[in-house]
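Read the structure below first, then the notes.
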Amino acid sequence: MRERVIPWLWLIPLSLTVFFGGMWRRLGGDGVWSFRVPWAPDLGLFFSLRVDALSLVFLFLITGIGTLVFLYASGYLRASPRRVPFFFFLTLFMLSMIGLVASDHLLLLFVFWEMTSLTSFLLIGFRSDQGTARRGASQALLVTSVGGLCLLAGFILLAQAGGSWEFSELLTRGEAIRGSPFYPAILGLILLGAFTKSAQVPFHFWLPNAMAAPTPVSAYLHSATMVKAGVYLVARLHPALGATELWHILLLLIGSVTAVLGPLMALREQDLKRLLAYSTIGALGLLMMLLGLGSESAMQAAMVYLIVHSLYKAALFMVAGAVNQKTGTRNVRALENLMQVMPLTAIAAILAALSMAGFPPLIGFMGKEMIYQAKLDSIHSSWLVGAAGVFANCLMVAIAFIVGINPFVGRIKKLPQVSKEVGFSMWVGPVILALVGLGIGILQPSSVMNLLASASSVAWGASADFAIKPWHGFGWVFILSLLTLAVGVLMFWLRRPLRYLIRRALDWEALEPERLYFISLKVLQFGSDMVTRSLQGGRLSHYVFGMGLGLLLLWGSAVAELSFVPSLSSFQSPGLEELAISSFILTALVALAIRRGRIFSVVMMGSLGAGVALLYITHSAPDVGIAQVLVETLSVILVLFLVAGLPQVVARTRPHHRAIRILVSCGLAICMTALSLLTLLRDPNVDPVSRFFVEKSVSEAHGANVVNVILVDFRAFDTLAEITVLALAALATLLLLKPMIRKTPGRSDR
């Protein structure tokens with residue numbers, strides 16, 4: 001039954017796409033949909049969702065491309081025996097991304113942020129029998145999780161600086177946040193989380209290694225959705241954190257380096273998916289660069305290029321999977337003239353590649369023109385940033401020809417027999433994506449343009465309506481576009497010498513971030529081993545000494561902070577029975593310290609407990625005294641049984657170790673005694689805690705015995721936990737004794 005349902009799972013994201021389309025028609029440009037229910041209201045936490053134009057752009061990408069990816073995966077994994085868990089993980093990831101972009105609460109967004117990391121780990125490592133898949137999955141999880149922890153710290157500081165946990169309020173308090181002394185830390189921590197998620201330098205290395213995942217995962221997670229989460233977060237927080245020099249410097253610097261380094265490293269590769277992965281890094285860097293420019297035209301260009309990249313990159317990943325399935329290879333040097341046997345896939349690949357290169361009239365040309373116009377308009381742009389953008393786009397043109405055009409034209413290579421096109425479910429997705437890119441570029445539908453304009457307005461933080469201008473006439477922008485295409489085509493023809501030069505120039509393995517990542521893992525493992533050996537050596541005396549030292553520091557600081565002077569006037573002289581019991585306790589304590597021997601020590605410890613029980617009884621607490629006697633008696637009996645089975649080994653310690661332990665023990669005794677005396681002899685005007693229990697015992701708990709009321713009502717959860725522990729101990733005892741009972745003589749073993 002489940003196998004029959006799988007080919008129709010694409011209807012789930014399709015229905016969500018239709019739902020969000022209806023929401024956009026109802027909301028319009030400035031409309032907002034919100035949902036809020038209490039989560040932990042006493043702490044000011046609410047499960048709050050908020051959808052505006054910026055959220056809708058990402059929601060359409062998540063569900064729209066998700067529809068085609070689900071359909072593609074049903075054919076790609078047709079013969080896989082683990083299709084059911086794959087689609088479960090894929091659906092869970094889609095819902096996590098929807099929750100991420102729809103969250104209005106910082107902590108709720110963080111929960112969904114981490115859920116995307118976890119589900120991507122499951123999807124990347126889906127082929128768990130392959131070492132590359134396991135390694136890529138763990139690497140992606142570790143890098144993004146470390147960034148997630150930084151993001152959580154940044155969110156906490158942001159909530160403190162802005163006075164709220166919700167985006168809807170924080171985005172209106174930008175001046176207060178930017179004026180906070182915590183602003184540099186907030187910006188740095190949040191950008192670290194965004195950079196790790198969106199594979200910015202130096203955290204880019206996990207994305208190419210994640211290509212060990214099945215192709216539908218690469219087409220969905222690593223081109224259209226998860227890697228865009230960091231871009232979404234930066235765009236969302238621009239009204240609150242942007243418009244500062246630190247913002248512009250960090251985003252322009254990291255974005256420019258990533259935009260250039262990604263395509264350069266792509267030209268070193270010959271595998272289709274790794275080529276696309278490194279070009280994705282470059283595109284993400286370009287998006288960060290645009291957000292760093294922080295102008296109106298840059299926000300518009302970022303929203304348009306977001307759509308451009310998602311359309312062509314998802315299509316090309318699907319094409320790479322189809323080619324690999326039919327030919328058995330993804331090596332671009334072994335692929336040519338596939339158009340004769342895979343015409344539909346070839347059409348999708350060529351259209352997507354032309355959009356990636358920025359040829360008119362595809363949407364890619366519109367995006368490239370708007371990027372150049374944004375760089376020319378921005379006051380924060382420089383010739384270096386502009387040159388980096390142009391050079392990165394030239395490299396993108398060369399990569400587009402390598403991955404989308406070269407495998408389908410040219411002379412025939414010796415390939416495995418390819419007799420027909422891939423199935424409908426595998427070619428329809430890339431074809432639709434390629435045609436959508438062509439249709440938007442030609443028709444420029446008003447609904448899409450209005451949505452992108454509204455999204456850029458939300459990211460900019462202004463209420464004015466921005467109009468998308470896809471064509472900028474014959475000027476510097478058009479000249480730069482033509483220059484990009486010409487240089488990019490030249491790079492494609494010279495790709496072999498360029499590949500050789502780039503490999504030599506980028507031969508920096510000793511300083512590669514991935515190498516540093518593995519070194520840091522080894523250092524972390526070595527440090528954890530040292531800590532484990534020193535703190536978890538297996539000797540009880542070391543554990544007791546460590547706990548004693550910690551208590552000494554804690555209690556010593558407490559004693560040092562006590563500023564009140566004990567009032568001796570309220571101290572009453574002890575009675576005869578108290579003196580006798582105290583003398584008994586002191587005698588047992590001295591004997592315990594002087595005399596050696598396990599059994600004698602256990603008996604003296606029990607005697608100390610019995611003396612304390614007598615003190616309880618003399619102070620009108622017979623029930624507590626009886627409980628103390630029972631506990632001490634049971635403890636002595638159990639410990640005697642344990643001591644009898646211990647080996648007769650005398651622990652030999654060095655003199656200075658023994659002296660240190662004596663000092664720590666004496667310090668603990670002094671601090672505990674000081675705390676007890678200072679508490680007992682404190683100012684009598686201080687209202688004691690016991691008065692609360694005495695006053696509320698009858699009126700609220702309906703019990704005259706204060707001790708019983710405290711145990712049963714005021715400390716009900718504590719008592720419940722103690723009962724649970726006793727029940728578990730009894731159950732464990734029963735399980736241990738059960739084999740012995742069965743072997744008792746006289747019982748039947750039937």
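Letters for chains follow the order of the structure tokens (A, B, ...), residue numbers begin at 1 for each chain, and ligand numbers begin at 1 in the order shown.
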
Compile the contact shell of Ser582 in chain A as a VMD selection string: residues with an atom at most 12 Å away, counting only C-alpha atoms, same-chain residues fewer than 2 positions apart removed. chain A and resid 574 to 580 584 to 589 607 to 615 618

For the alpha helix (DSSP H) assignment from backbone DSSP, which residues of range 348-532 of chain A qualify? Please present them as a PyMOL selection string. chain A and resi 348-357+363-377+383-404+424-443+446-460+476-493+495-505+513-532

Using only C-alpha atoms, which protein or nucleic acid residues come within 8 Å of range 234-247 of chain A? Drop anything in the same chain fewer than 6 positions from it, and give the result as a PyMOL selection string. chain A and resi 54+170-175+177-178+184+187+191+194+291-292+294+458-461

Which is closest to Gly429 in chain A among A:Val602, A:Ala73, A:Ala621, A:Leu261, if we use only C-alpha atoms?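 The shortest atom-to-atom distance to Gly429 in chain A comes from A:Ala73.
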
Between CA of Arg654 in chain A and CA of Leu668 in chain A, what is the distance, to one decimal in Å? 21.3 Å

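Counting only C-alpha atoms, the residue from A:Val707, A:Leu100, A:Ile371, A:Val390 that sits nearest to Ala627 in chain A is A:Val707.
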
Out of A:Gly31, A:Pro181, A:Gly163, A:Gly437, which residue has the shortest atom-to-atom distance to Met356 in chain A when counting only C-alpha atoms? A:Gly437

Write out as a ChimeraX atom specification each polymer residue whose atoms come within 10 Å of Trp555 in chain A, counting only C-alpha atoms; drop sequence neighbours fewer than 6 positions from it. /A:549,561,667-668,670-672,674-675

Please produce an output containing all heavy atoms for each residue in the selection, written as a PDB file, in the first residue's frame.
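Output (out_3.pdb):
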ATOM      1  N   LEU A 549      36.320  19.295  46.170  1.00  0.00           N
ATOM      2  CA  LEU A 549      36.973  20.543  45.782  1.00  0.00           C
ATOM      3  C   LEU A 549      35.960  21.534  45.216  1.00  0.00           C
ATOM      4  O   LEU A 549      36.003  22.736  45.515  1.00  0.00           O
ATOM      5  CB  LEU A 549      38.065  20.246  44.760  1.00  0.00           C
ATOM      6  CG  LEU A 549      38.925  21.437  44.314  1.00  0.00           C
ATOM      7  CD1 LEU A 549      39.638  22.050  45.518  1.00  0.00           C
ATOM      8  CD2 LEU A 549      39.919  21.011  43.248  1.00  0.00           C
ATOM      9  N   GLU A 561      30.717  35.832  50.947  1.00  0.00           N
ATOM     10  CA  GLU A 561      29.731  36.844  50.588  1.00  0.00           C
ATOM     11  C   GLU A 561      28.778  37.175  51.728  1.00  0.00           C
ATOM     12  O   GLU A 561      28.030  38.151  51.635  1.00  0.00           O
ATOM     13  CB  GLU A 561      28.925  36.370  49.367  1.00  0.00           C
ATOM     14  CG  GLU A 561      29.754  36.310  48.089  1.00  0.00           C
ATOM     15  CD  GLU A 561      28.948  35.778  46.922  1.00  0.00           C
ATOM     16  OE1 GLU A 561      27.758  35.473  47.139  1.00  0.00           O
ATOM     17  OE2 GLU A 561      29.499  35.681  45.817  1.00  0.00           O
ATOM     18  N   GLY A 667      38.759  22.154  54.937  1.00  0.00           N
ATOM     19  CA  GLY A 667      38.094  23.338  54.396  1.00  0.00           C
ATOM     20  C   GLY A 667      36.605  23.139  54.240  1.00  0.00           C
ATOM     21  O   GLY A 667      35.796  24.026  54.544  1.00  0.00           O
ATOM     22  N   LEU A 668      36.200  21.955  53.743  1.00  0.00           N
ATOM     23  CA  LEU A 668      34.770  21.649  53.629  1.00  0.00           C
ATOM     24  C   LEU A 668      34.096  21.679  54.994  1.00  0.00           C
ATOM     25  O   LEU A 668      33.000  22.225  55.153  1.00  0.00           O
ATOM     26  CB  LEU A 668      34.579  20.276  52.979  1.00  0.00           C
ATOM     27  CG  LEU A 668      34.689  20.206  51.457  1.00  0.00           C
ATOM     28  CD1 LEU A 668      34.622  18.756  51.001  1.00  0.00           C
ATOM     29  CD2 LEU A 668      33.572  20.995  50.808  1.00  0.00           C
ATOM     30  N   ILE A 670      35.035  23.278  57.701  1.00  0.00           N
ATOM     31  CA  ILE A 670      34.974  24.646  58.230  1.00  0.00           C
ATOM     32  C   ILE A 670      33.874  25.449  57.537  1.00  0.00           C
ATOM     33  O   ILE A 670      33.083  26.143  58.182  1.00  0.00           O
ATOM     34  CB  ILE A 670      36.340  25.333  58.071  1.00  0.00           C
ATOM     35  CG1 ILE A 670      37.381  24.644  58.972  1.00  0.00           C
ATOM     36  CG2 ILE A 670      36.250  26.817  58.407  1.00  0.00           C
ATOM     37  CD1 ILE A 670      38.802  25.130  58.736  1.00  0.00           C
ATOM     38  N   CYS A 671      33.811  25.346  56.206  1.00  0.00           N
ATOM     39  CA  CYS A 671      32.791  26.097  55.467  1.00  0.00           C
ATOM     40  C   CYS A 671      31.386  25.632  55.833  1.00  0.00           C
ATOM     41  O   CYS A 671      30.478  26.450  56.017  1.00  0.00           O
ATOM     42  CB  CYS A 671      33.022  25.957  53.964  1.00  0.00           C
ATOM     43  SG  CYS A 671      34.494  26.794  53.360  1.00  0.00           S
ATOM     44  N   MET A 672      31.182  24.324  55.921  1.00  0.00           N
ATOM     45  CA  MET A 672      29.863  23.815  56.259  1.00  0.00           C
ATOM     46  C   MET A 672      29.465  24.237  57.661  1.00  0.00           C
ATOM     47  O   MET A 672      28.318  24.629  57.915  1.00  0.00           O
ATOM     48  CB  MET A 672      29.851  22.284  56.139  1.00  0.00           C
ATOM     49  CG  MET A 672      28.473  21.675  56.276  1.00  0.00           C
ATOM     50  SD  MET A 672      27.369  22.299  54.991  1.00  0.00           S
ATOM     51  CE  MET A 672      25.800  21.620  55.539  1.00  0.00           C
ATOM     52  N   ALA A 674      30.585  26.895  59.268  1.00  0.00           N
ATOM     53  CA  ALA A 674      30.339  28.333  59.258  1.00  0.00           C
ATOM     54  C   ALA A 674      28.975  28.665  58.670  1.00  0.00           C
ATOM     55  O   ALA A 674      28.234  29.489  59.208  1.00  0.00           O
ATOM     56  CB  ALA A 674      31.448  29.036  58.474  1.00  0.00           C
ATOM     57  N   LEU A 675      28.627  28.009  57.575  1.00  0.00           N
ATOM     58  CA  LEU A 675      27.320  28.254  56.969  1.00  0.00           C
ATOM     59  C   LEU A 675      26.191  27.865  57.918  1.00  0.00           C
ATOM     60  O   LEU A 675      25.185  28.576  58.046  1.00  0.00           O
ATOM     61  CB  LEU A 675      27.195  27.489  55.649  1.00  0.00           C
ATOM     62  CG  LEU A 675      27.963  28.043  54.446  1.00  0.00           C
ATOM     63  CD1 LEU A 675      27.841  27.084  53.257  1.00  0.00           C
ATOM     64  CD2 LEU A 675      27.427  29.411  54.049  1.00  0.00           C
TER      65      LEU A 675
END

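Relative to CA of Gly64 in chain A, CA of Ala352 in chain A is found at 16.8 Å.
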
Excluding Pro208 in chain A and residues on its chain fewer than 4 positions from it, collect all residues at most 12 Å away from it, counting only C-alpha atoms, and give them as an MDAnalysis selection string. chainID A and resid 124 132:133 135:137 139:140 199 203:204 212:213 218 222:223 262 265:266 269 271:281 514

Residues at most 10 Å from range 103-106 of chain A, counting only C-alpha atoms, excluding those fewer than 5 positions away in the same chain, as a list in words?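 Listed by chain and then number, they are Ser34, Phe35, Arg36, Leu45, Phe46, Phe47, Ser48, Leu49, Arg50, Val51, Ser55, Met97, Ile98, Val111, Phe112, Leu151, Leu152, Gly154, Phe155, Ile156, Leu158, Ala159, Ser164, Trp165, Glu166, Phe167, Ser168, Glu169 and Leu170 of chain A.
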
Hey, can you spit out that residue selection with N, CA and C atoms as a CSV table (one decimal), in the first residue's frame?
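Here's the written file selection-v6.csv:
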chain,number,residue,atom,x,y,z
A,34,SER,N,-0.8,36.1,10.4
A,34,SER,CA,-0.1,35.8,11.7
A,34,SER,C,-0.9,34.8,12.5
A,35,PHE,N,-0.3,34.0,13.3
A,35,PHE,CA,-0.9,33.0,14.1
A,35,PHE,C,-0.1,32.9,15.4
A,36,ARG,N,-0.8,32.9,16.5
A,36,ARG,CA,-0.1,33.0,17.8
A,36,ARG,C,-0.9,32.2,18.9
A,45,LEU,N,6.9,33.2,26.1
A,45,LEU,CA,7.2,32.5,24.9
A,45,LEU,C,5.9,32.1,24.3
A,46,PHE,N,5.8,32.2,23.0
A,46,PHE,CA,4.6,31.9,22.2
A,46,PHE,C,5.0,31.2,20.9
A,47,PHE,N,4.1,30.3,20.5
A,47,PHE,CA,4.2,29.6,19.2
A,47,PHE,C,3.6,30.6,18.2
A,48,SER,N,4.5,31.4,17.6
A,48,SER,CA,4.0,32.5,16.7
A,48,SER,C,4.5,32.3,15.3
A,49,LEU,N,3.6,32.4,14.4
A,49,LEU,CA,3.9,32.3,13.0
A,49,LEU,C,3.6,33.6,12.3
A,50,ARG,N,4.3,33.9,11.2
A,50,ARG,CA,4.0,35.2,10.5
A,50,ARG,C,4.5,35.0,9.1
A,51,VAL,N,3.6,35.3,8.2
A,51,VAL,CA,3.9,35.1,6.7
A,51,VAL,C,3.7,36.4,6.0
A,55,SER,N,8.5,35.9,3.2
A,55,SER,CA,8.3,34.5,3.6
A,55,SER,C,7.7,33.7,2.4
A,97,MET,N,11.6,23.3,6.8
A,97,MET,CA,11.9,24.6,6.1
A,97,MET,C,10.7,25.5,6.0
A,98,ILE,N,9.5,25.0,5.9
A,98,ILE,CA,8.3,25.8,5.9
A,98,ILE,C,8.2,26.5,7.3
A,111,VAL,N,14.5,26.2,16.5
A,111,VAL,CA,14.1,24.8,16.6
A,111,VAL,C,14.0,24.2,15.1
A,112,PHE,N,13.3,25.0,14.3
A,112,PHE,CA,13.2,24.5,12.9
A,112,PHE,C,14.6,24.6,12.2
A,151,LEU,N,24.2,30.8,16.5
A,151,LEU,CA,23.0,31.5,16.2
A,151,LEU,C,22.1,31.6,17.4
A,152,LEU,N,22.0,30.6,18.2
A,152,LEU,CA,21.2,30.6,19.5
A,152,LEU,C,21.8,31.7,20.4
A,154,GLY,N,23.4,34.3,19.6
A,154,GLY,CA,23.1,35.6,19.0
A,154,GLY,C,21.6,36.0,19.2
A,155,PHE,N,20.7,35.0,19.1
A,155,PHE,CA,19.3,35.2,19.3
A,155,PHE,C,19.0,35.7,20.8
A,156,ILE,N,19.7,35.0,21.7
A,156,ILE,CA,19.5,35.4,23.1
A,156,ILE,C,20.0,36.9,23.3
A,158,LEU,N,20.1,39.1,21.0
A,158,LEU,CA,19.2,40.0,20.3
A,158,LEU,C,17.9,40.2,21.0
A,159,ALA,N,17.4,39.2,21.7
A,159,ALA,CA,16.2,39.4,22.5
A,159,ALA,C,16.4,40.3,23.6
A,164,SER,N,12.4,41.7,23.0
A,164,SER,CA,11.4,40.9,22.5
A,164,SER,C,12.0,39.7,21.9
A,165,TRP,N,11.2,38.6,21.8
A,165,TRP,CA,11.7,37.4,21.1
A,165,TRP,C,11.1,37.2,19.7
A,166,GLU,N,10.2,38.2,19.3
A,166,GLU,CA,9.5,38.0,18.1
A,166,GLU,C,10.0,39.0,17.0
A,167,PHE,N,10.1,38.5,15.8
A,167,PHE,CA,10.6,39.3,14.7
A,167,PHE,C,9.7,40.5,14.5
A,168,SER,N,8.4,40.4,14.5
A,168,SER,CA,7.5,41.5,14.3
A,168,SER,C,7.8,42.7,15.1
A,169,GLU,N,8.3,42.5,16.3
A,169,GLU,CA,8.6,43.6,17.2
A,169,GLU,C,10.1,44.0,17.1
A,170,LEU,N,10.9,43.0,16.9
A,170,LEU,CA,12.4,43.4,16.8
A,170,LEU,C,12.7,44.2,15.6

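Residue neighbourhood of Arg499 in chain A, excluding near-sequence residues (fewer than 5 positions): Pro263, Leu264, Met265, Ala266, Leu267, Arg268, Glu269, Gln270, Leu395, Ala398, Ile399, Met491, Phe492, Trp493, Leu494, Arg504, Ala505, Leu506 and Asp507 of chain A, at 12 Å, using only C-alpha atoms.
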
Output all heavy atoms for every residue in the selection just made, as a compact mmCIF listing (two decimals), in the first residue's frame.
# COMPACT_ATOMS: atom_id res chain seq x y z
N PRO A 263 33.18 29.47 -7.91
CA PRO A 263 33.35 29.09 -9.32
C PRO A 263 34.77 28.71 -9.69
O PRO A 263 34.98 27.84 -10.55
CB PRO A 263 32.90 30.36 -10.07
CG PRO A 263 32.05 31.10 -9.11
CD PRO A 263 32.61 30.81 -7.76
N LEU A 264 35.76 29.36 -9.08
CA LEU A 264 37.14 28.98 -9.36
C LEU A 264 37.40 27.53 -8.98
O LEU A 264 38.02 26.77 -9.75
CB LEU A 264 38.10 29.90 -8.60
CG LEU A 264 38.49 31.22 -9.27
CD1 LEU A 264 39.36 32.03 -8.33
CD2 LEU A 264 39.18 30.98 -10.60
N MET A 265 36.94 27.14 -7.81
CA MET A 265 37.13 25.76 -7.38
C MET A 265 36.28 24.80 -8.22
O MET A 265 36.63 23.63 -8.37
CB MET A 265 36.78 25.63 -5.90
CG MET A 265 37.68 26.47 -4.99
SD MET A 265 37.30 26.31 -3.25
CE MET A 265 37.97 24.68 -2.91
N ALA A 266 35.18 25.30 -8.78
CA ALA A 266 34.34 24.45 -9.63
C ALA A 266 35.09 24.04 -10.89
O ALA A 266 34.96 22.90 -11.36
CB ALA A 266 33.05 25.18 -9.99
N LEU A 267 35.88 24.95 -11.45
CA LEU A 267 36.60 24.63 -12.68
C LEU A 267 37.66 23.56 -12.49
O LEU A 267 38.16 23.00 -13.46
CB LEU A 267 37.24 25.90 -13.25
CG LEU A 267 36.27 26.93 -13.86
CD1 LEU A 267 37.03 28.12 -14.39
CD2 LEU A 267 35.44 26.28 -14.96
N ARG A 268 38.02 23.26 -11.24
CA ARG A 268 38.97 22.17 -10.99
C ARG A 268 38.32 20.80 -11.16
O ARG A 268 38.99 19.80 -11.34
CB ARG A 268 39.52 22.25 -9.57
CG ARG A 268 40.23 23.53 -9.21
CD ARG A 268 40.83 23.42 -7.83
NE ARG A 268 39.86 23.01 -6.83
CZ ARG A 268 40.15 22.75 -5.56
NH1 ARG A 268 41.40 22.84 -5.14
NH2 ARG A 268 39.21 22.40 -4.70
N GLU A 269 36.96 20.77 -11.05
CA GLU A 269 36.25 19.51 -10.99
C GLU A 269 35.83 19.01 -12.37
O GLU A 269 35.74 19.78 -13.33
CB GLU A 269 35.00 19.66 -10.11
CG GLU A 269 35.27 20.16 -8.71
CD GLU A 269 36.06 19.16 -7.88
OE1 GLU A 269 35.97 17.97 -8.16
OE2 GLU A 269 36.77 19.60 -6.96
N GLN A 270 35.59 17.70 -12.43
CA GLN A 270 35.09 17.07 -13.65
C GLN A 270 33.77 16.34 -13.41
O GLN A 270 33.13 15.91 -14.35
CB GLN A 270 36.13 16.09 -14.20
CG GLN A 270 37.44 16.76 -14.59
CD GLN A 270 38.45 15.77 -15.11
OE1 GLN A 270 38.14 14.60 -15.32
NE2 GLN A 270 39.68 16.23 -15.33
N LEU A 395 32.93 33.37 -14.73
CA LEU A 395 33.17 31.97 -14.39
C LEU A 395 31.87 31.17 -14.44
O LEU A 395 31.85 30.01 -14.88
CB LEU A 395 33.79 31.87 -13.00
CG LEU A 395 35.21 32.43 -12.86
CD1 LEU A 395 35.61 32.47 -11.39
CD2 LEU A 395 36.20 31.59 -13.65
N ALA A 398 31.11 30.11 -18.00
CA ALA A 398 31.91 28.96 -18.41
C ALA A 398 31.38 27.67 -17.80
O ALA A 398 31.27 26.63 -18.49
CB ALA A 398 33.37 29.18 -18.00
N ILE A 399 31.02 27.71 -16.51
CA ILE A 399 30.49 26.51 -15.84
C ILE A 399 29.17 26.10 -16.45
O ILE A 399 28.88 24.90 -16.62
CB ILE A 399 30.36 26.77 -14.33
CG1 ILE A 399 31.73 27.01 -13.71
CG2 ILE A 399 29.68 25.60 -13.64
CD1 ILE A 399 31.68 27.50 -12.29
N MET A 491 36.40 31.60 -21.65
CA MET A 491 36.86 30.71 -20.58
C MET A 491 36.43 29.27 -20.85
O MET A 491 37.18 28.32 -20.54
CB MET A 491 36.31 31.17 -19.24
CG MET A 491 36.95 32.42 -18.68
SD MET A 491 36.24 32.85 -17.06
CE MET A 491 37.31 34.21 -16.58
N PHE A 492 35.25 29.10 -21.43
CA PHE A 492 34.79 27.74 -21.73
C PHE A 492 35.70 27.09 -22.77
O PHE A 492 36.08 25.92 -22.64
CB PHE A 492 33.35 27.79 -22.23
CG PHE A 492 32.88 26.51 -22.85
CD1 PHE A 492 32.64 25.39 -22.06
CD2 PHE A 492 32.70 26.40 -24.23
CE1 PHE A 492 32.21 24.20 -22.63
CE2 PHE A 492 32.28 25.22 -24.81
CZ PHE A 492 32.03 24.11 -24.00
N TRP A 493 36.07 27.83 -23.80
CA TRP A 493 36.94 27.26 -24.83
C TRP A 493 38.33 26.98 -24.28
O TRP A 493 39.01 26.05 -24.74
CB TRP A 493 37.03 28.20 -26.04
CG TRP A 493 35.78 28.26 -26.85
CD1 TRP A 493 34.92 29.31 -26.98
CD2 TRP A 493 35.23 27.20 -27.64
NE1 TRP A 493 33.87 28.98 -27.80
CE2 TRP A 493 34.02 27.68 -28.22
CE3 TRP A 493 35.62 25.88 -27.91
CZ2 TRP A 493 33.23 26.91 -29.05
CZ3 TRP A 493 34.82 25.11 -28.74
CH2 TRP A 493 33.64 25.61 -29.30
N LEU A 494 38.75 27.74 -23.29
CA LEU A 494 40.09 27.55 -22.69
C LEU A 494 40.00 26.82 -21.36
O LEU A 494 40.87 26.99 -20.49
CB LEU A 494 40.75 28.92 -22.48
CG LEU A 494 40.97 29.77 -23.73
CD1 LEU A 494 41.53 31.14 -23.35
CD2 LEU A 494 41.90 29.06 -24.72
N ARG A 504 46.88 24.37 -10.02
CA ARG A 504 48.19 24.74 -9.49
C ARG A 504 48.08 25.93 -8.54
O ARG A 504 48.74 25.98 -7.50
CB ARG A 504 49.13 25.09 -10.65
CG ARG A 504 49.47 23.91 -11.55
CD ARG A 504 50.29 22.87 -10.81
NE ARG A 504 51.55 23.41 -10.33
CZ ARG A 504 52.68 23.41 -11.03
NH1 ARG A 504 52.70 22.89 -12.24
NH2 ARG A 504 53.79 23.90 -10.50
N ALA A 505 47.23 26.90 -8.90
CA ALA A 505 47.11 28.10 -8.08
C ALA A 505 46.40 27.83 -6.77
O ALA A 505 46.72 28.45 -5.74
CB ALA A 505 46.37 29.19 -8.85
N LEU A 506 45.44 26.91 -6.79
CA LEU A 506 44.67 26.61 -5.59
C LEU A 506 45.16 25.35 -4.90
O LEU A 506 44.41 24.70 -4.18
CB LEU A 506 43.18 26.46 -5.94
CG LEU A 506 42.49 27.71 -6.47
CD1 LEU A 506 41.02 27.43 -6.72
CD2 LEU A 506 42.65 28.88 -5.53
N ASP A 507 46.42 25.03 -5.12
CA ASP A 507 47.01 23.87 -4.45
C ASP A 507 47.48 24.30 -3.05
O ASP A 507 48.66 24.44 -2.78
CB ASP A 507 48.17 23.31 -5.27
CG ASP A 507 48.67 21.99 -4.72
OD1 ASP A 507 47.94 21.38 -3.90
OD2 ASP A 507 49.79 21.58 -5.09

Distance in Å - CA of Ala730 in chain A versus CA of Leu646 in chain A: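 A separation of 23.5 Å between them.
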
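Counting only C-alpha atoms and comparing A:Pro622, A:Gly230, A:Gly99, A:Pro216, the residue that lies closest to Tyr76 in chain A is A:Pro216.
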